[in-house]
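Coordinates as given in upload.cif (mmCIF, C-alpha atoms and all ligand atoms):
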data_final
loop_
_atom_site.label_atom_id
_atom_site.label_comp_id
_atom_site.auth_asym_id
_atom_site.auth_seq_id
_atom_site.Cartn_x
_atom_site.Cartn_y
_atom_site.Cartn_z
CA MET A 448 155.00 106.47 292.91
CA THR A 449 154.77 106.19 289.19
CA HIS A 450 154.40 109.24 287.03
CA ASP A 451 151.08 107.88 285.71
CA GLN A 452 149.60 107.58 289.18
CA ALA A 453 150.61 111.09 290.17
CA GLU A 454 149.20 112.36 286.92
CA SER A 455 145.84 110.64 287.31
CA LEU A 456 145.51 111.95 290.88
CA ARG A 457 146.28 115.45 289.63
CA ARG A 458 143.68 115.08 286.88
CA LYS A 459 141.09 113.79 289.34
CA ILE A 460 141.69 116.72 291.70
CA GLU A 461 141.47 119.13 288.80
CA SER A 462 138.21 117.69 287.45
CA ASN A 463 136.67 117.81 290.94
CA LYS A 464 137.91 121.35 291.51
CA ASN A 465 134.74 123.34 290.99
CA THR A 466 132.24 120.86 292.35
CA LYS A 467 130.75 120.78 295.82
CA HIS A 468 133.00 118.93 298.24
CA ALA A 469 132.18 117.24 301.50
CA LYS A 470 133.24 119.18 304.54
CA THR A 471 135.87 117.26 306.50
CA ILE A 472 135.61 117.31 310.28
CA SER A 473 138.09 115.71 312.70
CA PHE A 474 136.99 114.71 316.19
CA VAL A 475 139.99 114.81 318.53
CA SER A 476 140.71 114.78 322.26
CA GLY A 477 143.70 115.01 324.52
CA LYS A 478 142.73 112.19 326.83
CA GLY A 479 140.97 108.97 325.80
CA GLY A 480 137.62 107.91 327.24
CA VAL A 481 136.06 111.38 327.11
CA GLY A 482 133.17 110.31 324.87
CA LYS A 483 134.64 111.24 321.50
CA THR A 484 133.42 108.16 319.63
CA ASN A 485 129.96 108.29 321.19
CA ILE A 486 129.65 111.93 320.21
CA ALA A 487 131.03 111.43 316.68
CA VAL A 488 128.62 108.53 316.05
CA ASN A 489 125.49 110.19 317.44
CA PHE A 490 126.34 113.60 315.94
CA SER A 491 126.77 111.90 312.53
CA LEU A 492 123.42 110.13 312.93
CA GLU A 493 121.71 113.41 313.78
CA LEU A 494 123.20 115.11 310.73
CA CYS A 495 121.87 112.22 308.62
CA LYS A 496 118.44 112.71 310.16
CA GLN A 497 118.60 116.34 309.09
CA GLY A 498 119.05 115.17 305.52
CA GLN A 499 122.84 115.37 305.32
CA ARG A 500 124.89 112.67 303.63
CA VAL A 501 127.58 111.60 306.09
CA LEU A 502 130.58 109.28 305.91
CA LEU A 503 132.12 108.43 309.28
CA VAL A 504 135.71 107.22 309.21
CA ASP A 505 137.13 105.39 312.21
CA LEU A 506 140.76 106.46 312.42
CA ASP A 507 141.23 105.62 316.06
CA ILE A 508 143.78 103.02 315.07
CA GLY A 509 143.97 100.18 317.56
CA MET A 510 141.10 101.46 319.71
CA GLY A 511 138.54 101.88 316.95
CA ASN A 512 135.04 101.13 318.15
CA VAL A 513 132.67 103.06 315.93
CA ASP A 514 131.33 99.76 314.58
CA ILE A 515 130.54 98.45 318.06
CA LEU A 516 128.53 101.58 318.86
CA LEU A 517 126.69 101.27 315.57
CA GLY A 518 126.01 97.58 316.18
CA LEU A 519 127.85 96.79 312.95
CA GLN A 520 130.98 94.97 312.07
CA ALA A 521 133.26 96.31 309.39
CA LYS A 522 134.26 93.41 307.19
CA LYS A 523 137.03 95.31 305.46
CA THR A 524 139.19 98.27 306.43
CA ILE A 525 141.17 101.00 304.67
CA ILE A 526 144.17 98.69 305.04
CA ASP A 527 142.36 96.02 302.97
CA MET A 528 141.43 98.67 300.42
CA LEU A 529 145.10 99.66 300.06
CA GLU A 530 146.47 96.12 300.03
CA ALA A 531 144.03 94.75 297.47
CA LYS A 532 143.47 98.02 295.56
CA LEU A 533 139.74 97.83 296.23
CA PRO A 534 137.35 100.62 295.34
CA ILE A 535 136.39 102.60 298.45
CA TYR A 536 132.74 101.54 298.04
CA ASP A 537 133.79 97.94 298.76
CA ILE A 538 134.79 98.78 302.32
CA MET A 539 131.80 101.01 303.11
CA GLU A 540 129.18 99.81 305.58
CA VAL A 541 125.70 101.26 305.93
CA GLY A 542 124.47 102.11 309.40
CA PRO A 543 121.21 103.49 310.80
CA ASN A 544 119.79 106.62 309.10
CA ASN A 545 121.81 105.61 306.03
CA LEU A 546 125.03 106.71 307.73
CA LYS A 547 128.02 105.35 305.81
CA TYR A 548 130.98 104.09 307.76
CA ILE A 549 134.53 102.90 307.09
CA ALA A 550 137.20 101.57 309.43
CA GLY A 551 140.90 102.40 309.31
CA GLY A 552 142.41 99.13 310.45
CA SER A 553 145.58 98.87 312.46
CA GLY A 554 148.94 99.99 311.12
CA LEU A 555 147.43 102.62 308.89
CA SER A 556 149.57 105.52 310.03
CA THR A 557 152.77 103.58 309.34
CA ILE A 558 151.56 102.75 305.85
CA PHE A 559 150.78 106.37 305.13
CA SER A 560 154.11 107.58 306.38
CA VAL A 561 156.23 105.11 304.42
CA ASP A 562 154.30 104.21 301.31
CA GLN A 563 153.61 107.09 298.98
CA GLN A 564 151.98 104.86 296.42
CA LYS A 565 149.39 103.67 298.95
CA MET A 566 148.85 107.20 300.19
CA ASN A 567 148.12 108.29 296.63
CA TYR A 568 145.71 105.42 296.16
CA PHE A 569 143.93 106.51 299.35
CA LEU A 570 143.73 110.11 298.13
CA MET A 571 142.40 108.95 294.79
CA GLN A 572 139.65 106.92 296.49
CA TYR A 573 138.88 109.82 298.79
CA GLU A 574 138.42 112.08 295.77
CA GLU A 575 135.94 109.49 294.45
CA VAL A 576 133.57 110.11 297.35
CA VAL A 577 133.98 113.79 298.19
CA GLN A 578 131.10 114.71 295.95
CA GLN A 579 128.81 111.98 297.29
CA PHE A 580 128.81 113.35 300.83
CA ASP A 581 128.06 116.58 302.67
CA TYR A 582 130.29 115.62 305.60
CA ILE A 583 133.21 113.27 306.04
CA ILE A 584 133.88 112.84 309.74
CA PHE A 585 137.07 111.38 311.22
CA ASP A 586 137.05 109.84 314.67
CA MET A 587 140.73 110.25 315.56
CA GLY A 588 142.58 108.49 318.34
CA ALA A 589 143.27 110.25 321.64
CA GLY A 590 146.32 112.49 321.69
CA ALA A 591 148.15 113.10 318.46
CA THR A 592 150.96 111.46 316.64
CA HIS A 593 152.93 113.00 313.82
CA ALA A 594 151.19 110.63 311.43
CA SER A 595 147.64 111.41 312.46
CA ILE A 596 148.11 115.15 312.90
CA ASP A 597 148.20 115.63 309.12
CA PHE A 598 144.63 114.37 308.83
CA VAL A 599 143.56 116.87 311.46
CA LEU A 600 145.48 119.74 309.88
CA ALA A 601 144.05 119.01 306.43
CA SER A 602 140.47 118.96 307.75
CA ASP A 603 138.11 121.89 307.29
CA GLU A 604 137.27 121.92 310.97
CA CYS A 605 138.34 120.26 314.15
CA ILE A 606 136.11 119.37 317.12
CA VAL A 607 137.90 118.88 320.44
CA VAL A 608 136.05 116.84 323.05
CA THR A 609 136.80 117.17 326.75
CA THR A 610 135.13 116.51 330.08
CA PRO A 611 135.11 119.08 332.92
CA GLU A 612 137.85 117.16 334.79
CA PRO A 613 141.00 119.27 335.15
CA THR A 614 143.15 116.47 333.70
CA SER A 615 140.96 116.26 330.63
CA ILE A 616 140.94 120.06 330.21
CA THR A 617 144.75 120.18 330.53
CA ASP A 618 145.12 117.48 327.89
CA ALA A 619 142.65 119.24 325.58
CA TYR A 620 144.73 122.40 326.01
CA SER A 621 147.92 120.54 325.03
CA MET A 622 146.17 119.03 322.04
CA ILE A 623 144.99 122.44 320.82
CA LYS A 624 148.49 123.83 321.40
CA PHE A 625 149.90 121.00 319.28
CA ILE A 626 147.44 121.67 316.43
CA VAL A 627 147.83 125.44 316.55
CA GLY A 628 151.62 125.04 316.55
CA PHE A 629 151.33 123.60 313.04
CA LYS A 630 148.44 125.65 311.74
CA ASN A 631 146.68 128.47 313.52
CA THR A 632 143.93 129.06 310.98
CA ILE A 633 141.97 125.83 311.34
CA PRO A 634 138.55 126.46 312.92
CA ILE A 635 138.42 124.70 316.29
CA TYR A 636 135.26 123.87 318.20
CA VAL A 637 135.08 122.53 321.72
CA VAL A 638 132.46 120.15 323.15
CA LEU A 639 132.28 119.71 326.91
CA ASN A 640 130.94 116.24 327.65
CA ARG A 641 129.75 114.64 330.91
CA SER A 642 128.78 117.90 332.53
CA ASN A 643 126.60 117.67 335.64
CA ASN A 644 125.28 121.16 335.23
CA VAL A 645 124.86 123.03 331.95
CA LYS A 646 125.41 126.48 333.45
CA LYS A 647 128.59 125.42 335.21
CA GLY A 648 129.66 123.63 332.04
CA LEU A 649 129.25 126.76 329.97
CA ASN A 650 131.34 128.68 332.51
CA THR A 651 134.05 126.06 332.25
CA VAL A 652 134.08 126.34 328.46
CA ASN A 653 134.16 130.11 328.72
CA ARG A 654 137.22 130.04 330.97
CA PHE A 655 138.86 127.52 328.67
CA GLN A 656 138.21 129.70 325.62
CA LYS A 657 139.76 132.72 327.37
CA LEU A 658 142.82 130.69 328.33
CA ILE A 659 143.30 129.54 324.74
CA THR A 660 142.99 133.07 323.39
CA GLN A 661 145.35 134.46 326.00
CA PHE A 662 148.11 131.86 325.70
CA LEU A 663 147.74 130.45 322.20
CA GLY A 664 146.42 133.53 320.43
CA VAL A 665 143.50 131.81 318.68
CA ASP A 666 139.75 131.90 319.19
CA ILE A 667 137.94 128.61 319.60
CA LYS A 668 134.17 128.25 319.43
CA CYS A 669 131.92 126.46 321.90
CA LEU A 670 129.86 123.84 320.08
CA GLY A 671 127.95 122.72 323.13
CA VAL A 672 127.79 121.20 326.59
CA LEU A 673 126.56 117.61 326.89
CA PRO A 674 125.23 116.16 330.13
CA GLU A 675 126.42 113.18 332.13
CA ASP A 676 123.72 110.61 331.37
CA LYS A 677 123.36 106.92 332.21
CA ALA A 678 121.62 106.50 328.86
CA VAL A 679 125.09 106.60 327.24
CA THR A 680 126.33 103.54 329.08
CA SER A 681 123.08 101.59 328.64
CA ALA A 682 123.15 102.30 324.90
CA VAL A 683 126.81 101.23 324.70
CA ILE A 684 125.94 97.96 326.45
CA LYS A 685 123.14 97.35 323.95
CA GLN A 686 125.49 98.29 321.11
CA ALA A 687 123.04 100.82 319.80
CA PRO A 688 123.56 104.57 319.40
CA PHE A 689 121.77 106.52 322.16
CA VAL A 690 119.90 108.72 319.66
CA MET A 691 118.22 105.56 318.36
CA GLU A 692 118.05 103.59 321.60
CA ASN A 693 116.66 106.32 323.83
CA ASN A 694 115.81 109.48 321.93
CA LYS A 695 113.98 111.01 324.91
CA SER A 696 117.11 110.92 327.10
CA ASN A 697 118.84 114.15 328.07
CA ILE A 698 121.96 113.22 326.13
CA ALA A 699 119.96 112.48 322.95
CA LYS A 700 118.11 115.79 323.22
CA ALA A 701 121.37 117.64 323.86
CA ILE A 702 123.18 116.13 320.87
CA LYS A 703 120.19 116.85 318.66
CA GLN A 704 120.35 120.48 319.74
CA LEU A 705 124.12 120.57 319.25
CA SER A 706 123.85 119.15 315.70
CA GLU A 707 121.10 121.61 314.79
CA ASN A 708 123.15 124.53 316.11
CA TYR A 709 126.11 123.26 314.15
CA GLN A 710 124.09 123.01 310.93
CA GLU A 711 122.64 126.50 311.40
CA ARG A 712 126.11 127.89 311.85
CA GLN A 713 127.22 126.13 308.67
CA VAL A 714 124.46 127.68 306.63
CA LYS A 715 125.25 131.14 307.97
CA THR A 716 129.00 130.98 307.51
CA ASN A 717 129.23 128.97 304.34
CA VAL A 718 132.53 130.16 302.89
CA LYS A 719 134.05 128.28 300.01
CA GLU A 720 137.50 126.95 300.87
CA SER A 721 140.20 127.73 298.34
CA SER A 722 141.73 124.27 298.68
CA THR A 723 140.35 120.81 299.39
CA PHE A 724 141.18 118.21 302.04
CA VAL A 725 143.10 116.09 299.53
CA GLU A 726 145.11 119.06 298.24
CA ARG A 727 145.99 120.11 301.77
CA LEU A 728 146.91 116.59 302.88
CA LYS A 729 149.04 116.12 299.77
CA GLY A 730 150.77 119.42 300.49
CA LEU A 731 151.46 118.52 304.13
CA LEU A 732 152.90 115.14 303.18
CA SER A 733 155.17 116.48 300.49
CA ASN A 734 156.42 119.18 302.87
CA ARG A 735 157.48 116.36 305.15
CA GLY A 736 159.31 114.76 302.26
CA ARG A 737 156.82 111.93 301.79
N1 LIG B 1 127.74 111.94 328.46
C1 LIG B 1 128.09 110.79 329.06
N2 LIG B 1 127.44 110.35 330.15
C2 LIG B 1 127.79 109.18 330.76
N3 LIG B 1 128.78 108.39 330.33
C3 LIG B 1 129.47 108.76 329.24
C4 LIG B 1 129.16 109.98 328.53
N4 LIG B 1 130.02 110.07 327.49
C5 LIG B 1 130.80 108.98 327.52
N5 LIG B 1 130.49 108.19 328.59
C6 LIG B 1 131.16 106.93 328.98
O1 LIG B 1 132.52 106.96 328.55
C7 LIG B 1 132.83 105.78 327.82
C8 LIG B 1 133.85 106.12 326.75
O2 LIG B 1 133.27 106.79 325.68
P1 LIG B 1 133.93 106.81 324.22
O3 LIG B 1 132.99 107.51 323.32
O4 LIG B 1 134.34 105.43 323.83
O5 LIG B 1 135.22 107.69 324.52
P2 LIG B 1 136.50 108.01 323.59
O6 LIG B 1 136.13 107.75 322.17
O7 LIG B 1 136.80 109.44 323.87
O8 LIG B 1 137.59 107.10 324.08
C9 LIG B 1 131.47 105.30 327.29
O9 LIG B 1 131.46 103.94 327.06
C10 LIG B 1 130.53 105.69 328.40
O10 LIG B 1 130.52 104.69 329.38
MG MG B 2 137.03 106.41 320.76
#

How does the structure come out when it is put into structure tokens?
Amino acid sequence: MTHDQAESLRRKIESNKNTKHAKTISFVSGKGGVGKTNIAVNFSLELCKQGQRVLLVDLDIGMGNVDILLGLQAKKTIIDMLEAKLPIYDIMEVGPNNLKYIAGGSGLSTIFSVDQQKMNYFLMQYEEVVQQFDYIIFDMGAGATHASIDFVLASDECIVVTTPEPTSITDAYSMIKFIVGFKNTIPIYVVLNRSNNVKKGLNTVNRFQKLITQFLGVDIKCLGVLPEDKAVTSAVIKQAPFVMENNKSNIAKAIKQLSENYQERQVKTNVKESSTFVERLKGLLSNRGR
């Protein structure tokens, strides 16, 4: 990286320092196929409906499908932005409810881990948009790699999605253990998806929370229990988000409630972070010698 580039990134971070920044949220899961993308998409759309400005970033490299669920097709990805030094606005798509969306593209994690110049360009572009949004939401791939974990660790909050299946719960546990092993102060929320019974679902979450506290020494919060609902699959087939396609369905009502609860919690506990996503990500990468 040239001295000039590093200097302009530093200046950008400094000039953004005292302004309102988007809150960064990472959606993660242990196992794939638990409903993470569906929840991230519909949760983002609900936040938009509540008047929030949201940017959804598809970082599920290789399995990214946010665009399919939104009925859109990303023409350009973060990879294109880095290769051609495009402004971030050039790769942004607009979805329903004015939700903004960008796709990662495949090979992104390798680029970030080997090319500091590109990483800095990404951070610079990220700093461009942090003031334009209230939330920047990452849909991460299942499991965690050493390259993607930094995005999770640098986020303001992390939402772990699981189903009630023991295998999914076990994998969610391992994922939380992995995150907490690096950083035990990041707020972690859990969403239980595909539950056949809300009361039973809440009990499952409760037991899971106790297990985490007992063995990992951290408290995680329950963000909500979402029902098993055929409306999810029919919406996926129609390539339309279920909150738009069938807003009377149980799943749409439940995610609406979940997003409202989340927003209420945000208003109540609005603490100003001492550092920003970009500062934290920069710090993590330089600690790893990148
Ligand atoms: N609440 C639900 N009820 C019924 N089916 C669901 C539900 N959530 C997810 N699914 C099914 O699981 C599939 C995978 O969901 P997806 O969001 O792509 O998972 P992930 O991003 O975790 O891999 C969906 O296409 C849908 O068929
Ligand atoms: Mg997914």

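Across A:Ala469, A:Val475, A:Ile549, A:Ala601, the tightest approach to Ile623 of chain A is made by A:Val475 when counting only C-alpha atoms.
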
Between A:Val561, A:Leu705, A:Val481, A:Ala687, which is the closest to ligand LIG 1 (chain B) once you count only C-alpha atoms and all ligand atoms?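 For ligand LIG 1 (chain B), the nearest of the candidates is A:Val481.
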
With the cut-off set at 10 Å and counting all atoms listed in the file, tabulate each residue of chain A with an atom at most that distance from an atom of ligand LIG 1 (chain B), showing the nearest atom pair and its distance in Å to one decimal, ordered by chain and increasing number, as JSON lines.
{"residue": "A:Phe474", "atom": "CA", "partner": "B:LIG1", "partner_atom": "O6", "distance": 9.2}
{"residue": "A:Val475", "atom": "CA", "partner": "B:LIG1", "partner_atom": "O7", "distance": 8.2}
{"residue": "A:Ser476", "atom": "CA", "partner": "B:LIG1", "partner_atom": "O7", "distance": 6.8}
{"residue": "A:Gly477", "atom": "CA", "partner": "B:LIG1", "partner_atom": "O7", "distance": 8.9}
{"residue": "A:Lys478", "atom": "CA", "partner": "B:LIG1", "partner_atom": "O7", "distance": 7.2}
{"residue": "A:Gly479", "atom": "CA", "partner": "B:LIG1", "partner_atom": "O8", "distance": 4.2}
{"residue": "A:Gly480", "atom": "CA", "partner": "B:LIG1", "partner_atom": "O8", "distance": 3.3}
{"residue": "A:Val481", "atom": "CA", "partner": "B:LIG1", "partner_atom": "O7", "distance": 3.8}
{"residue": "A:Gly482", "atom": "CA", "partner": "B:LIG1", "partner_atom": "O3", "distance": 3.2}
{"residue": "A:Lys483", "atom": "CA", "partner": "B:LIG1", "partner_atom": "O7", "distance": 3.7}
{"residue": "A:Thr484", "atom": "CA", "partner": "B:LIG1", "partner_atom": "O6", "distance": 3.7}
{"residue": "A:Asn485", "atom": "CA", "partner": "B:LIG1", "partner_atom": "O3", "distance": 3.8}
{"residue": "A:Ile486", "atom": "CA", "partner": "B:LIG1", "partner_atom": "O3", "distance": 6.4}
{"residue": "A:Ala487", "atom": "CA", "partner": "B:LIG1", "partner_atom": "O3", "distance": 8.0}
{"residue": "A:Val488", "atom": "CA", "partner": "B:LIG1", "partner_atom": "O3", "distance": 8.5}
{"residue": "A:Asn489", "atom": "CA", "partner": "B:LIG1", "partner_atom": "O3", "distance": 9.9}
{"residue": "A:Asp507", "atom": "CA", "partner": "B:LIG1", "partner_atom": "O6", "distance": 8.2}
{"residue": "A:Met510", "atom": "CA", "partner": "B:LIG1", "partner_atom": "O8", "distance": 8.0}
{"residue": "A:Gly511", "atom": "CA", "partner": "B:LIG1", "partner_atom": "O6", "distance": 8.2}
{"residue": "A:Asn512", "atom": "CA", "partner": "B:LIG1", "partner_atom": "O4", "distance": 7.2}
{"residue": "A:Val513", "atom": "CA", "partner": "B:LIG1", "partner_atom": "O4", "distance": 8.4}
{"residue": "A:Ile515", "atom": "CA", "partner": "B:LIG1", "partner_atom": "O4", "distance": 9.8}
{"residue": "A:Leu516", "atom": "CA", "partner": "B:LIG1", "partner_atom": "O4", "distance": 8.6}
{"residue": "A:Asp586", "atom": "CA", "partner": "B:LIG1", "partner_atom": "O6", "distance": 7.8}
{"residue": "A:Met587", "atom": "CA", "partner": "B:LIG1", "partner_atom": "O6", "distance": 8.4}
{"residue": "A:Gly588", "atom": "CA", "partner": "B:LIG1", "partner_atom": "O6", "distance": 7.5}
{"residue": "A:Ala589", "atom": "CA", "partner": "B:LIG1", "partner_atom": "O7", "distance": 6.9}
{"residue": "A:Val608", "atom": "CA", "partner": "B:LIG1", "partner_atom": "O7", "distance": 7.5}
{"residue": "A:Thr609", "atom": "CA", "partner": "B:LIG1", "partner_atom": "O7", "distance": 8.2}
{"residue": "A:Thr610", "atom": "CA", "partner": "B:LIG1", "partner_atom": "N4", "distance": 8.6}
{"residue": "A:Leu639", "atom": "CA", "partner": "B:LIG1", "partner_atom": "N1", "distance": 9.1}
{"residue": "A:Asn640", "atom": "CA", "partner": "B:LIG1", "partner_atom": "N1", "distance": 5.4}
{"residue": "A:Arg641", "atom": "CA", "partner": "B:LIG1", "partner_atom": "N1", "distance": 4.2}
{"residue": "A:Ser642", "atom": "CA", "partner": "B:LIG1", "partner_atom": "N1", "distance": 7.3}
{"residue": "A:Asn643", "atom": "CA", "partner": "B:LIG1", "partner_atom": "N2", "distance": 9.2}
{"residue": "A:Val672", "atom": "CA", "partner": "B:LIG1", "partner_atom": "N1", "distance": 9.4}
{"residue": "A:Leu673", "atom": "CA", "partner": "B:LIG1", "partner_atom": "N1", "distance": 6.0}
{"residue": "A:Pro674", "atom": "CA", "partner": "B:LIG1", "partner_atom": "N1", "distance": 5.2}
{"residue": "A:Glu675", "atom": "CA", "partner": "B:LIG1", "partner_atom": "N2", "distance": 3.6}
{"residue": "A:Asp676", "atom": "CA", "partner": "B:LIG1", "partner_atom": "N2", "distance": 3.9}
{"residue": "A:Lys677", "atom": "CA", "partner": "B:LIG1", "partner_atom": "C2", "distance": 5.2}
{"residue": "A:Ala678", "atom": "CA", "partner": "B:LIG1", "partner_atom": "C2", "distance": 7.0}
{"residue": "A:Val679", "atom": "CA", "partner": "B:LIG1", "partner_atom": "C2", "distance": 5.1}
{"residue": "A:Thr680", "atom": "CA", "partner": "B:LIG1", "partner_atom": "O10", "distance": 4.4}
{"residue": "A:Ser681", "atom": "CA", "partner": "B:LIG1", "partner_atom": "O10", "distance": 8.1}
{"residue": "A:Ala682", "atom": "CA", "partner": "B:LIG1", "partner_atom": "O9", "distance": 8.7}
{"residue": "A:Val683", "atom": "CA", "partner": "B:LIG1", "partner_atom": "O9", "distance": 5.9}
{"residue": "A:Ile684", "atom": "CA", "partner": "B:LIG1", "partner_atom": "O9", "distance": 8.2}
{"residue": "A:Asn697", "atom": "CA", "partner": "B:LIG1", "partner_atom": "N1", "distance": 9.2}
{"residue": "A:Ile698", "atom": "CA", "partner": "B:LIG1", "partner_atom": "N1", "distance": 6.4}
{"residue": "A:Ala699", "atom": "CA", "partner": "B:LIG1", "partner_atom": "N1", "distance": 9.5}
{"residue": "A:Ala701", "atom": "CA", "partner": "B:LIG1", "partner_atom": "N1", "distance": 9.7}
{"residue": "A:Ile702", "atom": "CA", "partner": "B:LIG1", "partner_atom": "N1", "distance": 9.8}

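Candidate residues A:Ile472, A:Leu519, A:Leu494, A:Val541 were compared for distance to Ile633 of chain A, and the nearest is A:Ile472, using only C-alpha atoms.
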
Pick the closest to Phe689 of chain A from A:Lys703, A:Ile558, A:Lys523, A:Thr660: which is it, counting all atoms listed in the file? A:Lys703

Counting all atoms listed in the file, the option among A:Asp514, A:Glu540, A:Glu711, A:Tyr573 closest to ligand MG 2 (chain B): A:Asp514

Proximity to ligand MG 2 (chain B) - best of A:Phe585, A:Glu726, A:Thr651, A:Leu670, all atoms listed in the file: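 Under the stated criterion, the closest residue is A:Phe585.
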
Neighbouring residues of Asn545 of chain A were defined as those with any atom within 9 Å, considering only C-alpha atoms; residues of the same chain fewer than 4 positions away were excluded. Please report them as a ChimeraX atom specification. /A:492,495-496,500-501,541

To one decimal in Å, tell me the separation between atom CA of Ser553 of chain A and atom CA of Asn734 of chain A.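 Separation of atom CA of Ser553 of chain A and atom CA of Asn734 of chain A: 24.9 Å.
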
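Take atom CA of Met571 of chain A and atom CA of Pro634 of chain A: the distance between them is 25.5 Å.
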
Counting all atoms listed in the file, what is within 12 Å of Lys668 of chain A, bar same-chain residues fewer than 3 positions away, as a ChimeraX atom specification? /A:604-607,633-639,649,652-653,655-657,659-660,665,671-672,709,712

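Interatomic distance, atom CA of Lys547 of chain A to atom CA of Leu503 of chain A: 6.2 Å.
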
List as number ranges by chain the protein and nucleic acid residues near segment 452-459 of chain A, meaning an atom at most 10 Å away when only C-alpha atoms are counted, but skip any in the same chain fewer than 4 places from it. A: 448, 463-464, 564, 567-568, 570-572, 574-575, 725-726
